[in-house]
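What follows is target10.cif (mmCIF, C-alpha atoms and all ligand atoms).
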data_input
loop_
_atom_site.group_PDB
_atom_site.id
_atom_site.type_symbol
_atom_site.label_atom_id
_atom_site.label_comp_id
_atom_site.auth_asym_id
_atom_site.auth_seq_id
_atom_site.Cartn_x
_atom_site.Cartn_y
_atom_site.Cartn_z
ATOM 1 C CA MET A 1 -109.598 60.288 -28.719
ATOM 2 C CA ARG A 2 -108.100 59.029 -31.966
ATOM 3 C CA PRO A 3 -104.413 60.026 -32.157
ATOM 4 C CA PRO A 4 -103.338 62.237 -35.087
ATOM 5 C CA LEU A 5 -101.883 60.507 -38.121
ATOM 6 C CA CYS A 6 -98.338 61.748 -37.911
ATOM 7 C CA LEU A 7 -95.055 60.525 -36.529
ATOM 8 C CA PRO A 8 -95.203 60.687 -32.740
ATOM 9 C CA LEU A 9 -92.179 62.624 -31.519
ATOM 10 C CA GLY A 10 -92.390 61.450 -27.962
ATOM 11 C CA LYS A 11 -94.704 61.708 -24.978
ATOM 12 C CA GLY A 12 -97.152 64.542 -25.488
ATOM 13 C CA GLU A 13 -95.467 65.668 -28.685
ATOM 14 C CA MET A 14 -97.370 65.190 -31.928
ATOM 15 C CA ARG A 15 -96.231 67.934 -34.234
ATOM 16 C CA GLU A 16 -96.431 68.597 -37.934
ATOM 17 C CA LYS A 17 -93.304 70.640 -38.695
ATOM 18 C CA ASN A 18 -92.919 70.412 -42.439
ATOM 19 C CA ASN A 19 -89.173 70.542 -42.225
ATOM 20 C CA MET A 20 -87.177 68.717 -44.896
ATOM 21 C CA LEU A 21 -84.075 66.636 -45.192
ATOM 22 C CA VAL A 22 -81.185 69.077 -45.397
ATOM 23 C CA HIS A 23 -77.866 68.712 -47.192
ATOM 24 C CA ILE A 24 -75.202 67.246 -44.917
ATOM 25 C CA LYS A 25 -72.926 70.205 -45.671
ATOM 26 C CA LYS A 26 -75.280 72.532 -43.793
ATOM 27 C CA ILE A 27 -75.016 70.396 -40.683
ATOM 28 C CA ILE A 28 -71.268 69.759 -40.871
ATOM 29 C CA GLN A 29 -70.378 73.345 -41.760
ATOM 30 C CA ALA A 30 -72.323 74.520 -38.691
ATOM 31 C CA ALA A 31 -70.364 72.030 -36.556
ATOM 32 C CA VAL A 32 -67.080 73.268 -38.038
ATOM 33 C CA LYS A 33 -68.037 76.853 -37.262
ATOM 34 C CA GLY A 34 -69.220 76.033 -33.746
ATOM 35 C CA LYS A 35 -66.302 73.628 -33.031
ATOM 36 C CA TYR A 36 -68.605 70.788 -31.953
ATOM 37 C CA ALA A 37 -69.433 67.434 -33.535
ATOM 38 C CA VAL A 38 -72.643 66.102 -34.971
ATOM 39 C CA GLY A 39 -73.755 62.517 -34.402
ATOM 40 C CA ALA A 40 -74.181 60.193 -37.367
ATOM 41 C CA PHE A 41 -76.526 57.442 -36.223
ATOM 42 C CA ASN A 42 -76.987 54.135 -38.046
ATOM 43 C CA VAL A 43 -80.588 53.089 -38.703
ATOM 44 C CA ASN A 44 -82.129 49.853 -39.965
ATOM 45 C CA ASN A 45 -85.822 50.290 -39.237
ATOM 46 C CA LEU A 46 -88.596 52.705 -38.275
ATOM 47 C CA GLU A 47 -87.979 52.367 -34.548
ATOM 48 C CA ILE A 48 -84.333 53.502 -34.705
ATOM 49 C CA ILE A 49 -85.316 56.420 -36.967
ATOM 50 C CA GLN A 50 -87.987 57.424 -34.438
ATOM 51 C CA ALA A 51 -85.484 57.257 -31.579
ATOM 52 C CA VAL A 52 -82.983 59.500 -33.407
ATOM 53 C CA CYS A 53 -85.580 62.043 -34.542
ATOM 54 C CA ARG A 54 -87.258 62.258 -31.140
ATOM 55 C CA ALA A 55 -83.882 62.813 -29.479
ATOM 56 C CA ALA A 56 -82.866 65.410 -32.069
ATOM 57 C CA GLU A 57 -86.098 67.327 -31.560
ATOM 58 C CA LYS A 58 -85.878 67.177 -27.768
ATOM 59 C CA MET A 59 -82.184 68.126 -27.661
ATOM 60 C CA LYS A 60 -82.574 70.806 -30.352
ATOM 61 C CA SER A 61 -79.746 69.144 -32.212
ATOM 62 C CA ALA A 62 -79.083 68.411 -35.854
ATOM 63 C CA ALA A 63 -78.470 64.761 -36.726
ATOM 64 C CA ILE A 64 -77.077 62.701 -39.561
ATOM 65 C CA ILE A 65 -79.048 59.545 -40.203
ATOM 66 C CA GLN A 66 -77.021 56.917 -42.009
ATOM 67 C CA THR A 67 -77.736 53.590 -43.629
ATOM 68 C CA THR A 68 -75.132 50.948 -44.411
ATOM 69 C CA GLU A 69 -75.342 48.544 -47.330
ATOM 70 C CA GLY A 70 -76.433 45.940 -44.770
ATOM 71 C CA ALA A 71 -79.285 48.179 -43.588
ATOM 72 C CA ILE A 72 -80.374 48.665 -47.199
ATOM 73 C CA ARG A 73 -80.221 44.894 -47.866
ATOM 74 C CA TYR A 74 -82.385 44.362 -44.783
ATOM 75 C CA ALA A 75 -85.037 47.081 -45.162
ATOM 76 C CA GLY A 76 -84.818 48.272 -48.791
ATOM 77 C CA LEU A 77 -83.464 51.569 -50.118
ATOM 78 C CA ASP A 78 -86.865 53.031 -51.091
ATOM 79 C CA GLU A 79 -88.358 52.054 -47.773
ATOM 80 C CA LEU A 80 -85.545 53.440 -45.613
ATOM 81 C CA PHE A 81 -85.300 56.672 -47.588
ATOM 82 C CA ALA A 82 -89.061 57.238 -47.397
ATOM 83 C CA LEU A 83 -89.120 56.570 -43.651
ATOM 84 C CA ILE A 84 -86.199 58.906 -42.945
ATOM 85 C CA LYS A 85 -87.594 61.654 -45.173
ATOM 86 C CA ALA A 86 -91.037 61.420 -43.557
ATOM 87 C CA ALA A 87 -89.500 61.525 -40.069
ATOM 88 C CA ALA A 88 -87.255 64.480 -40.970
ATOM 89 C CA GLU A 89 -90.281 66.405 -42.225
ATOM 90 C CA LYS A 90 -91.906 66.135 -38.830
ATOM 91 C CA VAL A 91 -89.110 67.667 -36.784
ATOM 92 C CA SER A 92 -87.946 71.257 -36.530
ATOM 93 C CA VAL A 93 -84.210 70.442 -36.508
ATOM 94 C CA PRO A 94 -81.956 69.668 -39.513
ATOM 95 C CA ILE A 95 -81.649 66.003 -40.481
ATOM 96 C CA ALA A 96 -79.386 64.772 -43.303
ATOM 97 C CA ILE A 97 -79.094 61.329 -44.858
ATOM 98 C CA HIS A 98 -75.777 59.636 -45.594
ATOM 99 C CA LEU A 99 -74.647 56.271 -46.970
ATOM 100 C CA ASP A 100 -72.269 54.708 -44.445
ATOM 101 C CA HIS A 101 -69.482 52.331 -45.571
ATOM 102 C CA GLY A 102 -70.363 52.248 -49.244
ATOM 103 C CA HIS A 103 -68.419 49.553 -51.092
ATOM 104 C CA ASP A 104 -70.599 48.947 -54.130
ATOM 105 C CA PHE A 105 -70.434 51.716 -56.765
ATOM 106 C CA ASP A 106 -73.850 50.753 -58.195
ATOM 107 C CA LEU A 107 -75.485 51.150 -54.815
ATOM 108 C CA ILE A 108 -73.707 54.472 -54.312
ATOM 109 C CA LYS A 109 -75.200 55.643 -57.622
ATOM 110 C CA LYS A 110 -78.672 54.540 -56.500
ATOM 111 C CA CYS A 111 -78.327 56.426 -53.208
ATOM 112 C CA VAL A 112 -77.264 59.573 -55.053
ATOM 113 C CA GLU A 113 -80.244 59.265 -57.401
ATOM 114 C CA MET A 114 -82.526 58.671 -54.426
ATOM 115 C CA GLY A 115 -81.526 61.972 -52.790
ATOM 116 C CA TYR A 116 -78.793 61.125 -50.272
ATOM 117 C CA SER A 117 -76.733 64.297 -49.801
ATOM 118 C CA SER A 118 -73.616 62.370 -48.813
ATOM 119 C CA VAL A 119 -72.088 58.960 -49.486
ATOM 120 C CA MET A 120 -69.101 57.181 -48.045
ATOM 121 C CA ILE A 121 -66.821 55.153 -50.222
ATOM 122 C CA ASP A 122 -64.882 52.864 -47.943
ATOM 123 C CA GLY A 123 -61.722 51.813 -49.713
ATOM 124 C CA SER A 124 -59.835 51.450 -46.440
ATOM 125 C CA ALA A 125 -59.228 47.710 -46.913
ATOM 126 C CA ARG A 126 -57.393 48.385 -50.210
ATOM 127 C CA PRO A 127 -53.817 49.495 -50.748
ATOM 128 C CA PHE A 128 -53.345 53.277 -50.837
ATOM 129 C CA ALA A 129 -53.280 53.653 -54.649
ATOM 130 C CA ALA A 130 -56.386 51.491 -55.151
ATOM 131 C CA ASN A 131 -58.229 53.348 -52.390
ATOM 132 C CA VAL A 132 -57.350 56.659 -54.084
ATOM 133 C CA ARG A 133 -58.473 55.372 -57.492
ATOM 134 C CA LEU A 134 -61.832 54.122 -56.243
ATOM 135 C CA THR A 135 -62.536 57.162 -54.054
ATOM 136 C CA LYS A 136 -61.583 59.556 -56.841
ATOM 137 C CA ASN A 137 -64.070 57.851 -59.182
ATOM 138 C CA VAL A 138 -66.867 58.215 -56.668
ATOM 139 C CA VAL A 139 -66.048 61.919 -56.189
ATOM 140 C CA LYS A 140 -66.040 62.339 -59.973
ATOM 141 C CA PHE A 141 -69.540 60.858 -60.093
ATOM 142 C CA ALA A 142 -71.030 62.548 -57.009
ATOM 143 C CA ARG A 143 -69.525 66.071 -57.121
ATOM 144 C CA PRO A 144 -71.378 67.275 -60.260
ATOM 145 C CA LYS A 145 -74.599 66.138 -58.599
ATOM 146 C CA GLY A 146 -73.874 68.217 -55.501
ATOM 147 C CA VAL A 147 -73.370 65.166 -53.282
ATOM 148 C CA TRP A 148 -70.618 65.056 -50.652
ATOM 149 C CA VAL A 149 -68.232 62.120 -50.439
ATOM 150 C CA GLN A 150 -66.562 60.698 -47.333
ATOM 151 C CA GLY A 151 -63.383 58.684 -47.805
ATOM 152 C CA GLU A 152 -61.521 56.544 -45.299
ATOM 153 C CA LEU A 153 -57.824 56.051 -44.755
ATOM 154 C CA GLY A 154 -56.356 53.738 -42.133
ATOM 155 C CA ARG A 155 -58.025 50.609 -40.857
ATOM 156 C CA LEU A 156 -60.207 50.190 -37.761
ATOM 157 C CA GLU A 157 -60.198 47.077 -35.657
ATOM 158 C CA GLY A 158 -63.520 45.256 -35.171
ATOM 159 C CA ALA A 159 -66.472 44.150 -37.269
ATOM 160 C CA GLU A 160 -68.307 46.108 -39.943
ATOM 161 C CA ASP A 161 -70.812 44.150 -42.050
ATOM 162 C CA TRP A 162 -68.916 41.143 -43.497
ATOM 163 C CA ILE A 163 -65.494 42.746 -42.986
ATOM 164 C CA LYS A 164 -63.692 41.675 -39.829
ATOM 165 C CA THR A 165 -60.414 43.366 -38.994
ATOM 166 C CA GLY A 166 -58.296 41.716 -36.326
ATOM 167 C CA LYS A 167 -55.813 43.434 -34.021
ATOM 168 C CA GLY A 168 -52.793 42.754 -36.229
ATOM 169 C CA GLU A 169 -54.612 43.991 -39.345
ATOM 170 C CA ALA A 170 -55.668 47.410 -38.056
ATOM 171 C CA PHE A 171 -53.452 50.421 -38.692
ATOM 172 C CA LEU A 172 -53.639 54.112 -37.886
ATOM 173 C CA THR A 173 -54.124 56.888 -40.420
ATOM 174 C CA GLU A 174 -50.721 58.305 -41.356
ATOM 175 C CA PRO A 175 -50.888 62.125 -41.396
ATOM 176 C CA GLU A 176 -48.702 62.638 -44.497
ATOM 177 C CA GLU A 177 -50.533 59.898 -46.358
ATOM 178 C CA ALA A 178 -53.824 61.550 -45.395
ATOM 179 C CA VAL A 179 -52.648 64.809 -46.963
ATOM 180 C CA ARG A 180 -51.919 63.002 -50.240
ATOM 181 C CA PHE A 181 -55.224 61.112 -50.040
ATOM 182 C CA VAL A 182 -57.294 64.270 -49.580
ATOM 183 C CA ARG A 183 -55.365 66.125 -52.290
ATOM 184 C CA GLN A 184 -55.652 63.306 -54.819
ATOM 185 C CA THR A 185 -59.284 62.325 -54.181
ATOM 186 C CA ALA A 186 -60.816 65.724 -53.274
ATOM 187 C CA VAL A 187 -63.135 64.088 -50.723
ATOM 188 C CA ASP A 188 -65.342 66.357 -48.607
ATOM 189 C CA THR A 189 -64.865 64.541 -45.293
ATOM 190 C CA LEU A 190 -62.302 62.009 -44.065
ATOM 191 C CA ALA A 191 -62.795 59.051 -41.725
ATOM 192 C CA VAL A 192 -59.683 58.382 -39.675
ATOM 193 C CA ALA A 193 -58.329 55.405 -37.755
ATOM 194 C CA ILE A 194 -56.876 56.541 -34.416
ATOM 195 C CA GLY A 195 -57.590 53.535 -32.205
ATOM 196 C CA ASN A 196 -61.361 53.709 -32.752
ATOM 197 C CA TYR A 197 -63.052 50.320 -33.035
ATOM 198 C CA HIS A 198 -66.144 48.988 -34.833
ATOM 199 C CA GLY A 199 -68.809 46.732 -33.378
ATOM 200 C CA VAL A 200 -70.587 45.638 -30.204
ATOM 201 C CA GLU A 201 -67.802 43.327 -29.046
ATOM 202 C CA LYS A 202 -65.907 46.150 -27.334
ATOM 203 C CA ILE A 203 -69.035 46.980 -25.309
ATOM 204 C CA VAL A 204 -70.153 43.494 -24.328
ATOM 205 C CA GLU A 205 -66.601 42.448 -23.505
ATOM 206 C CA LYS A 206 -66.057 45.749 -21.655
ATOM 207 C CA LYS A 207 -62.809 46.421 -23.513
ATOM 208 C CA ARG A 208 -60.836 49.387 -22.168
ATOM 209 C CA LEU A 209 -60.185 51.391 -25.311
ATOM 210 C CA ARG A 210 -58.301 54.603 -25.803
ATOM 211 C CA LEU A 211 -58.040 56.865 -28.790
ATOM 212 C CA ASN A 212 -54.611 57.874 -30.007
ATOM 213 C CA LEU A 213 -55.124 61.601 -29.531
ATOM 214 C CA ARG A 214 -51.541 62.465 -30.461
ATOM 215 C CA GLN A 215 -52.063 60.867 -33.856
ATOM 216 C CA LEU A 216 -55.316 62.791 -34.259
ATOM 217 C CA GLU A 217 -53.555 66.033 -33.377
ATOM 218 C CA LYS A 218 -50.964 65.408 -36.097
ATOM 219 C CA ILE A 219 -53.663 64.605 -38.656
ATOM 220 C CA SER A 220 -55.733 67.611 -37.637
ATOM 221 C CA ARG A 221 -52.811 69.986 -38.059
ATOM 222 C CA LEU A 222 -52.439 68.948 -41.691
ATOM 223 C CA ILE A 223 -55.984 68.159 -42.831
ATOM 224 C CA LYS A 224 -58.389 71.016 -43.278
ATOM 225 C CA ILE A 225 -61.549 69.098 -44.242
ATOM 226 C CA PRO A 226 -63.926 67.826 -41.501
ATOM 227 C CA LEU A 227 -62.772 64.611 -39.810
ATOM 228 C CA VAL A 228 -65.101 61.715 -38.997
ATOM 229 C CA LEU A 229 -64.737 59.303 -36.069
ATOM 230 C CA HIS A 230 -66.165 55.856 -36.801
ATOM 231 C CA GLY A 231 -66.477 53.114 -34.207
ATOM 232 C CA ALA A 232 -67.098 55.672 -31.474
ATOM 233 C CA SER A 233 -69.548 53.653 -29.348
ATOM 234 C CA GLY A 234 -68.192 52.623 -25.983
ATOM 235 C CA PHE A 235 -65.494 55.290 -25.697
ATOM 236 C CA SER A 236 -65.710 57.514 -22.610
ATOM 237 C CA ALA A 237 -67.239 60.982 -22.828
ATOM 238 C CA ASN A 238 -63.831 62.448 -22.000
ATOM 239 C CA GLN A 239 -62.118 60.630 -24.862
ATOM 240 C CA ILE A 240 -64.775 61.758 -27.330
ATOM 241 C CA LYS A 241 -64.703 65.354 -26.077
ATOM 242 C CA ALA A 242 -60.919 65.406 -26.415
ATOM 243 C CA ALA A 243 -61.210 64.122 -29.999
ATOM 244 C CA ILE A 244 -63.753 66.842 -30.792
ATOM 245 C CA LYS A 245 -61.374 69.448 -29.372
ATOM 246 C CA LEU A 246 -58.788 68.125 -31.807
ATOM 247 C CA GLY A 247 -61.031 68.502 -34.844
ATOM 248 C CA ILE A 248 -63.467 65.556 -35.076
ATOM 249 C CA ARG A 249 -66.704 66.986 -36.497
ATOM 250 C CA VAL A 250 -68.806 63.842 -37.113
ATOM 251 C CA VAL A 251 -69.093 60.941 -34.664
ATOM 252 C CA ASN A 252 -70.577 57.623 -35.842
ATOM 253 C CA ILE A 253 -72.732 55.634 -33.430
ATOM 254 C CA ASP A 254 -74.281 52.263 -34.154
ATOM 255 C CA SER A 255 -73.225 49.662 -31.591
ATOM 256 C CA GLU A 256 -74.586 51.466 -28.518
ATOM 257 C CA LEU A 257 -77.965 51.682 -30.267
ATOM 258 C CA ARG A 258 -77.848 47.949 -31.023
ATOM 259 C CA VAL A 259 -76.943 47.076 -27.453
ATOM 260 C CA SER A 260 -79.673 49.285 -25.949
ATOM 261 C CA PHE A 261 -82.254 47.945 -28.447
ATOM 262 C CA ALA A 262 -81.443 44.297 -27.754
ATOM 263 C CA THR A 263 -81.121 44.767 -23.984
ATOM 264 C CA ALA A 264 -84.490 46.531 -23.746
ATOM 265 C CA GLU A 265 -86.158 43.850 -25.880
ATOM 266 C CA ARG A 266 -84.702 40.952 -23.879
ATOM 267 C CA LYS A 267 -85.819 42.566 -20.628
ATOM 268 C CA PHE A 268 -89.311 43.421 -21.866
ATOM 269 C CA LEU A 269 -89.982 39.998 -23.363
ATOM 270 C CA SER A 270 -88.732 38.132 -20.312
ATOM 271 C CA GLU A 271 -90.953 40.256 -18.053
ATOM 272 C CA ASN A 272 -94.006 40.252 -20.345
ATOM 273 C CA LYS A 273 -94.376 36.749 -21.660
ATOM 274 C CA LYS A 274 -98.038 37.298 -22.554
ATOM 275 C CA GLU A 275 -97.570 40.460 -24.618
ATOM 276 C CA TYR A 276 -98.022 40.064 -28.387
ATOM 277 C CA ASP A 277 -98.560 43.642 -29.560
ATOM 278 C CA PRO A 278 -95.431 44.690 -31.524
ATOM 279 C CA ARG A 279 -96.037 48.325 -30.606
ATOM 280 C CA LYS A 280 -95.878 47.522 -26.911
ATOM 281 C CA ILE A 281 -92.938 45.182 -27.398
ATOM 282 C CA LEU A 282 -90.886 47.728 -29.363
ATOM 283 C CA GLY A 283 -91.821 50.817 -27.317
ATOM 284 C CA PRO A 284 -89.234 50.342 -24.532
ATOM 285 C CA ALA A 285 -86.445 49.827 -27.083
ATOM 286 C CA ILE A 286 -87.284 53.124 -28.798
ATOM 287 C CA ALA A 287 -87.178 54.919 -25.448
ATOM 288 C CA GLU A 288 -83.805 53.360 -24.528
ATOM 289 C CA MET A 289 -82.261 54.239 -27.899
ATOM 290 C CA GLN A 290 -83.618 57.781 -27.637
ATOM 291 C CA GLU A 291 -81.812 58.151 -24.316
ATOM 292 C CA VAL A 292 -78.557 56.945 -25.863
ATOM 293 C CA VAL A 293 -78.862 59.486 -28.691
ATOM 294 C CA GLU A 294 -79.719 62.333 -26.287
ATOM 295 C CA ARG A 295 -76.693 61.498 -24.147
ATOM 296 C CA LYS A 296 -74.439 61.475 -27.220
ATOM 297 C CA MET A 297 -75.774 64.811 -28.453
ATOM 298 C CA LYS A 298 -74.882 66.383 -25.106
ATOM 299 C CA ILE A 299 -71.369 64.907 -25.225
ATOM 300 C CA PHE A 300 -70.840 65.938 -28.857
ATOM 301 C CA GLY A 301 -71.892 69.516 -28.070
ATOM 302 C CA SER A 302 -74.583 69.566 -30.765
ATOM 303 C CA ALA A 303 -77.450 69.824 -28.236
ATOM 304 C CA GLY A 304 -79.078 73.245 -28.284
ATOM 305 C CA LYS A 305 -77.286 74.306 -31.459
ATOM 306 C CA ALA A 306 -80.049 73.666 -34.022
HETATM 307 O O1 LIG B 401 -69.671 50.579 -39.088
HETATM 308 C C1 LIG B 401 -70.859 50.480 -39.300
HETATM 309 C C2 LIG B 401 -71.799 49.602 -38.652
HETATM 310 O O2 LIG B 401 -71.633 49.487 -37.272
HETATM 311 C C3 LIG B 401 -71.897 48.254 -39.321
HETATM 312 O O3 LIG B 401 -73.204 48.112 -39.572
HETATM 313 O O4 LIG B 401 -73.889 45.755 -39.938
HETATM 314 O O5 LIG B 401 -75.161 47.666 -40.871
HETATM 315 O O6 LIG B 401 -72.950 47.090 -41.847
HETATM 316 P P1 LIG B 401 -73.827 47.056 -40.632
HETATM 317 P P1 LIG B 402 -69.791 51.775 -33.505
HETATM 318 O O1 LIG B 402 -69.557 50.355 -33.885
HETATM 319 O O2 LIG B 402 -68.804 52.195 -32.476
HETATM 320 O O3 LIG B 402 -71.155 52.110 -33.091
HETATM 321 O O4 LIG B 402 -69.476 52.647 -34.815
HETATM 322 C C1 LIG B 402 -70.419 52.843 -35.799
HETATM 323 C C2 LIG B 402 -69.816 53.226 -37.077
HETATM 324 O O5 LIG B 402 -68.654 53.517 -37.206
HETATM 325 C C3 LIG B 402 -70.703 53.250 -38.224
HETATM 326 O O6 LIG B 402 -70.035 53.608 -39.381
HETATM 327 ZN ZN ZN B 403 -68.012 52.878 -39.387
#

Would you mind writing the structure in this file as structure tokens?
Amino acid sequence: MRPPLCLPLGKGEMREKNNMLVHIKKIIQAAVKGKYAVGAFNVNNLEIIQAVCRAAEKMKSAAIIQTTEGAIRYAGLDELFALIKAAAEKVSVPIAIHLDHGHDFDLIKKCVEMGYSSVMIDGSARPFAANVRLTKNVVKFARPKGVWVQGELGRLEGAEDWIKTGKGEAFLTEPEEAVRFVRQTAVDTLAVAIGNYHGVEKIVEKKRLRLNLRQLEKISRLIKIPLVLHGASGFSANQIKAAIKLGIRVVNIDSELRVSFATAERKFLSENKKEYDPRKILGPAIAEMQEVVERKMKIFGSAGKA
């Protein structure tokens, strides 16, 4: 029998749901109310979008799907937005789209025009006053259009796009500075640096990383907007759960998806040297990434809440 022409949600699931992309505030406000966190998953192509949406549907969890500037350079803004929107329309759970690590104001404007409900302006590499100035300008642009803005204060170790931050260059978010940052910029969500770490290196090198939960507690006591944990791949479930208890409401995951994608591909291709069908080659990677997302949703406490 010819399969139906819609996004396959997973084995045996081919549903037309006619849901829509929702505003990120709906998803984050529900997490704030329920004291859990929602996963923000980085996507670069159809297969990662499928993995996230299938997991979200199966786990009955909301999800934030985010694209970096690098993802947009690779796949195209129109293309990624259309893929995410189409996938979101096929699931029964809320999906929101967010620009992750925005640096370029022009691209931020394009994302807002395109229909992103949230954008990040990452001024974390700049001095405090310059970060405030830049972030404030983005809020001034996005707020009248109903779009949420995420700012970042403090600097994570690791690699994010072309920016590499070494051990000596990273610094934690200072609670009092965070208060001034939020007051002066009026951001909707704040990404914090509390020992979290960007990139796959920490996973492949099996680094033993710990979050500075005392610092998070101090920040949480003073900051009333939802807090975002970047660089969360590779941290233990216990560490992440403790951070959620202390007020983290969005957890960013990219590296674990990359590692599971690449590992599944390497294994499949080495075991199937005569396979040339991209659908068969990419299938195992989608399944592996879906498992990663499902596991995260359980840890974050968002499973069963949508
Ligand atoms: O922090 C975000 C990502 O892990 C970096 O991803 O290479 O798409 O910029 P990117
Ligand atoms: P990881 O590198 O830990 O996956 O973090 C992703 C991230 O912070 C995206 O913004
Ligand atoms: Zn990040």

Put a box with edges along x, y and z around all the listed atoms of ligand LIG 401 (chain B), pad it by 8 Å on each side, then give me its centre and sizes in Å, one decimal, as AutoDock Vina command-line options.
--center_x -72.4 --center_y 48.2 --center_z -39.6 --size_x 21.5 --size_y 20.8 --size_z 20.6

Item checked: Contacts of Ala30 of chain A within 12 Å, all atoms listed in the file, excl. fewer than 6 positions in-chain, as a VMD selection string -> chain A and resid 23 to 24 36 to 38 61 to 63 94 226 249 to 250 301 to 302 305 to 306

Write the residues you've just listed into a file as a PDB file, keeping the file's coordinate frame, and include C-alpha atoms for each of them.
ATOM      1  CA  HIS A  23     -77.866  68.712 -47.192  1.00  0.00           C
ATOM      2  CA  ILE A  24     -75.202  67.246 -44.917  1.00  0.00           C
ATOM      3  CA  TYR A  36     -68.605  70.788 -31.953  1.00  0.00           C
ATOM      4  CA  ALA A  37     -69.433  67.434 -33.535  1.00  0.00           C
ATOM      5  CA  VAL A  38     -72.643  66.102 -34.971  1.00  0.00           C
ATOM      6  CA  SER A  61     -79.746  69.144 -32.212  1.00  0.00           C
ATOM      7  CA  ALA A  62     -79.083  68.411 -35.854  1.00  0.00           C
ATOM      8  CA  ALA A  63     -78.470  64.761 -36.726  1.00  0.00           C
ATOM      9  CA  PRO A  94     -81.956  69.668 -39.513  1.00  0.00           C
ATOM     10  CA  PRO A 226     -63.926  67.826 -41.501  1.00  0.00           C
ATOM     11  CA  ARG A 249     -66.704  66.986 -36.497  1.00  0.00           C
ATOM     12  CA  VAL A 250     -68.806  63.842 -37.113  1.00  0.00           C
ATOM     13  CA  GLY A 301     -71.892  69.516 -28.070  1.00  0.00           C
ATOM     14  CA  SER A 302     -74.583  69.566 -30.765  1.00  0.00           C
ATOM     15  CA  LYS A 305     -77.286  74.306 -31.459  1.00  0.00           C
ATOM     16  CA  ALA A 306     -80.049  73.666 -34.022  1.00  0.00           C
TER      17      ALA A 306
END

Protein and nucleic residues near ligand ZN 403 (chain B), 8 Å, all atoms listed in the file, as an mmCIF file with C-alpha atoms, keeping the file's coordinate frame:
data_model
loop_
_atom_site.group_PDB
_atom_site.id
_atom_site.type_symbol
_atom_site.label_atom_id
_atom_site.label_comp_id
_atom_site.auth_asym_id
_atom_site.auth_seq_id
_atom_site.Cartn_x
_atom_site.Cartn_y
_atom_site.Cartn_z
ATOM 1 C CA ASP A 100 -72.269 54.708 -44.445
ATOM 2 C CA HIS A 101 -69.482 52.331 -45.571
ATOM 3 C CA GLU A 160 -68.307 46.108 -39.943
ATOM 4 C CA HIS A 198 -66.144 48.988 -34.833
ATOM 5 C CA LEU A 229 -64.737 59.303 -36.069
ATOM 6 C CA HIS A 230 -66.165 55.856 -36.801
ATOM 7 C CA GLY A 231 -66.477 53.114 -34.207
ATOM 8 C CA ASN A 252 -70.577 57.623 -35.842
#

Using only C-alpha atoms and all ligand atoms, find each residue of chain A with at least one atom at most 9 Å away from an atom of ligand LIG 402 (chain B); report its shortest atom-to-atom pair and that distance in Å (one decimal), sort the rows by chain and rising residue number, and return the result as JSON lines.
{"residue": "A:Ala40", "atom": "CA", "partner": "B:LIG402", "partner_atom": "C3", "distance": 7.8}
{"residue": "A:Phe41", "atom": "CA", "partner": "B:LIG402", "partner_atom": "C3", "distance": 7.4}
{"residue": "A:Asn42", "atom": "CA", "partner": "B:LIG402", "partner_atom": "C3", "distance": 6.3}
{"residue": "A:Gln66", "atom": "CA", "partner": "B:LIG402", "partner_atom": "O6", "distance": 8.2}
{"residue": "A:Thr67", "atom": "CA", "partner": "B:LIG402", "partner_atom": "O6", "distance": 8.8}
{"residue": "A:Thr68", "atom": "CA", "partner": "B:LIG402", "partner_atom": "O6", "distance": 7.6}
{"residue": "A:Asp100", "atom": "CA", "partner": "B:LIG402", "partner_atom": "O6", "distance": 5.6}
{"residue": "A:His101", "atom": "CA", "partner": "B:LIG402", "partner_atom": "O6", "distance": 6.3}
{"residue": "A:Gly158", "atom": "CA", "partner": "B:LIG402", "partner_atom": "O1", "distance": 8.0}
{"residue": "A:Ala159", "atom": "CA", "partner": "B:LIG402", "partner_atom": "O1", "distance": 7.7}
{"residue": "A:Glu160", "atom": "CA", "partner": "B:LIG402", "partner_atom": "O1", "distance": 7.5}
{"residue": "A:Asn196", "atom": "CA", "partner": "B:LIG402", "partner_atom": "O2", "distance": 7.6}
{"residue": "A:Tyr197", "atom": "CA", "partner": "B:LIG402", "partner_atom": "O2", "distance": 6.1}
{"residue": "A:His198", "atom": "CA", "partner": "B:LIG402", "partner_atom": "O1", "distance": 3.8}
{"residue": "A:Gly199", "atom": "CA", "partner": "B:LIG402", "partner_atom": "O1", "distance": 3.7}
{"residue": "A:Val200", "atom": "CA", "partner": "B:LIG402", "partner_atom": "O1", "distance": 6.1}
{"residue": "A:Glu201", "atom": "CA", "partner": "B:LIG402", "partner_atom": "O1", "distance": 8.7}
{"residue": "A:Lys202", "atom": "CA", "partner": "B:LIG402", "partner_atom": "O2", "distance": 8.4}
{"residue": "A:Ile203", "atom": "CA", "partner": "B:LIG402", "partner_atom": "O2", "distance": 8.9}
{"residue": "A:Leu229", "atom": "CA", "partner": "B:LIG402", "partner_atom": "O5", "distance": 7.1}
{"residue": "A:His230", "atom": "CA", "partner": "B:LIG402", "partner_atom": "O5", "distance": 3.4}
{"residue": "A:Gly231", "atom": "CA", "partner": "B:LIG402", "partner_atom": "O2", "distance": 3.0}
{"residue": "A:Ala232", "atom": "CA", "partner": "B:LIG402", "partner_atom": "O2", "distance": 4.0}
{"residue": "A:Ser233", "atom": "CA", "partner": "B:LIG402", "partner_atom": "O2", "distance": 3.5}
{"residue": "A:Gly234", "atom": "CA", "partner": "B:LIG402", "partner_atom": "O2", "distance": 6.5}
{"residue": "A:Phe235", "atom": "CA", "partner": "B:LIG402", "partner_atom": "O2", "distance": 8.2}
{"residue": "A:Val251", "atom": "CA", "partner": "B:LIG402", "partner_atom": "O5", "distance": 7.9}
{"residue": "A:Asn252", "atom": "CA", "partner": "B:LIG402", "partner_atom": "C2", "distance": 4.6}
{"residue": "A:Ile253", "atom": "CA", "partner": "B:LIG402", "partner_atom": "O3", "distance": 3.9}
{"residue": "A:Asp254", "atom": "CA", "partner": "B:LIG402", "partner_atom": "O3", "distance": 3.3}
{"residue": "A:Ser255", "atom": "CA", "partner": "B:LIG402", "partner_atom": "O3", "distance": 3.5}
{"residue": "A:Glu256", "atom": "CA", "partner": "B:LIG402", "partner_atom": "O3", "distance": 5.8}
{"residue": "A:Leu257", "atom": "CA", "partner": "B:LIG402", "partner_atom": "O3", "distance": 7.4}
{"residue": "A:Arg258", "atom": "CA", "partner": "B:LIG402", "partner_atom": "O3", "distance": 8.1}
